[in-house]
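Have a look at work-v3.txt; it's compact mmCIF, C-alpha atoms:
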# COMPACT_ATOMS: atom_id res chain seq x y z
CA MET L 1 73.26 34.72 -168.07
CA ARG L 2 75.22 36.94 -170.39
CA PHE L 3 73.34 35.86 -173.52
CA LEU L 4 70.01 36.79 -171.93
CA ASN L 5 71.32 40.16 -170.76
CA ASP L 6 72.67 40.92 -174.25
CA LEU L 7 69.39 39.83 -175.82
CA TYR L 8 67.41 42.03 -173.44
CA GLU L 9 69.59 45.05 -174.11
CA MET L 10 69.30 44.52 -177.88
CA TYR L 11 65.46 44.43 -177.85
CA ARG L 12 64.77 46.55 -174.76
CA THR L 13 63.35 49.53 -176.65
CA HIS L 14 60.98 47.26 -178.61
CA LEU L 15 59.42 45.50 -175.62
CA THR L 16 55.90 46.30 -174.42
CA GLY L 17 55.93 44.05 -171.37
CA GLU L 18 53.64 41.47 -172.94
CA GLU L 19 54.49 37.76 -172.90
CA GLU L 20 54.16 37.70 -176.69
CA ASP L 21 57.25 39.93 -176.93
CA ALA L 22 59.42 37.34 -175.23
CA VAL L 23 57.96 34.48 -177.27
CA ALA L 24 58.51 36.29 -180.58
CA ILE L 25 62.08 37.28 -179.73
CA VAL L 26 63.07 33.84 -178.48
CA LEU L 27 61.56 32.02 -181.46
CA HIS L 28 63.23 34.43 -183.87
CA ILE L 29 66.62 34.06 -182.17
CA LEU L 30 66.42 30.27 -181.98
CA GLN L 31 65.85 30.02 -185.74
CA ASP L 32 69.44 31.16 -186.24
CA HIS L 33 71.04 28.68 -183.83
CA SER L 34 71.86 25.00 -184.09
CA LYS L 35 71.54 22.44 -181.33
CA GLU L 36 75.30 22.68 -180.87
CA ASP L 37 75.08 26.47 -180.42
CA ILE L 38 72.37 26.05 -177.81
CA LEU L 39 74.30 23.36 -175.94
CA ASN L 40 77.35 25.65 -175.88
CA MET L 41 75.23 28.40 -174.31
CA ILE L 42 73.92 25.93 -171.73
CA GLN L 43 77.50 24.90 -170.89
CA GLU L 44 78.21 28.55 -170.00
CA MET L 45 75.25 28.73 -167.60
CA GLU L 46 75.53 28.43 -163.84
CA GLU L 47 74.21 25.18 -162.34
CA ASP L 48 71.18 26.88 -160.77
CA GLU L 49 70.31 28.45 -164.15
CA VAL L 50 70.38 25.04 -165.83
CA ILE L 51 68.17 23.55 -163.11
CA GLN L 52 65.73 26.46 -163.34
CA MET L 53 65.64 26.19 -167.15
CA PHE L 54 64.97 22.46 -167.06
CA ALA L 55 62.33 22.88 -164.35
CA MET L 56 60.52 25.48 -166.45
CA TYR L 57 60.69 23.18 -169.48
CA LEU L 58 59.24 20.28 -167.49
CA ILE L 59 56.48 22.44 -165.98
CA GLU L 60 55.43 23.89 -169.35
CA SER L 61 55.60 20.47 -171.03
CA LEU L 62 53.48 18.91 -168.28
CA LYS L 63 50.92 21.74 -168.52
CA PHE L 64 50.78 21.25 -172.30
CA LYS L 65 50.33 17.48 -171.93
CA MET L 66 47.54 17.96 -169.37
CA ALA L 67 45.79 20.42 -171.71
CA GLN L 68 46.12 17.96 -174.62
CA GLU L 69 44.65 15.16 -172.54
CA GLY L 70 41.87 17.34 -171.14
CA VAL L 71 43.09 16.94 -167.60
CA GLY L 72 42.02 19.77 -165.38
CA HIS L 73 39.21 21.42 -163.55
CA GLN L 74 36.81 21.59 -166.52
CA GLY L 75 35.04 18.37 -165.63
CA PHE L 76 35.76 18.34 -161.92
CA LYS L 77 32.68 17.97 -159.76
CA PRO L 78 33.24 17.84 -156.03
CA GLN L 79 31.71 14.89 -154.30
CA PRO L 80 29.28 15.70 -151.50
CA SER L 81 30.93 15.35 -148.14
CA SER L 82 29.46 13.09 -145.51
CA ASN L 83 30.94 15.40 -142.89
CA ARG L 84 28.53 18.26 -142.40
CA TYR L 85 29.74 21.38 -140.70
CA HIS L 86 27.15 23.78 -139.31
Structure rendered as structure tokens:
Amino acid sequence: MRFLNDLYEMYRTHLTGEEEDAVAIVLHILQDHSKEDILNMIQEMEEDEVIQMFAMYLIESLKFKMAQEGVGHQGFKPQPSSNRYH
């Protein structure tokens, strides 16, 4: 995606390789764009890029929802198996 490549080149010398870099840059950039701007950028994306973007959105949203609801391994206790292997 051209926008991503341009964004990377613009901030390349400021990046440390930490996830926080990407989050800060993206949030800063998105402040300056409207929904219409974003939809125009999406229109320029290849189909596989749109699918990948939406998949990542769904995955992150589902992970957030599970964390909010307390779903996860924190309270998981395996049940004893009746099948004993020696």
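Contact shell of L:Arg2 at 12 Å (all atoms listed in the file; same-chain neighbours under 3 positions omitted): Asn5, Asp6, Leu7, Tyr8, Glu9, Met41, Ile42, Glu44, Met45, Glu46 and Glu49 of chain L.
Atom CA of L:Ile29 is found 14.8 Å from atom CA of L:His14.
Rounded to one decimal, atom CA of L:Ala22 and atom CA of L:Ala67 lie 22.0 Å from each other.
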Separation of atom CA of L:Asp37 from atom CA of L:Phe3, in Å and rounded to one decimal: 11.8 Å
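Using all atoms listed in the file, the shortest contact distance between L:Ile25 and any of L:Ile51, L:Val71, L:Leu58, L:Met10 is found at L:Met10.
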Residue among L:Arg12, L:His33, L:Asp21, L:Met1 lying closest to L:Met53, counting all atoms listed in the file: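 That would be L:Met1, the residue with the smallest distance to L:Met53.
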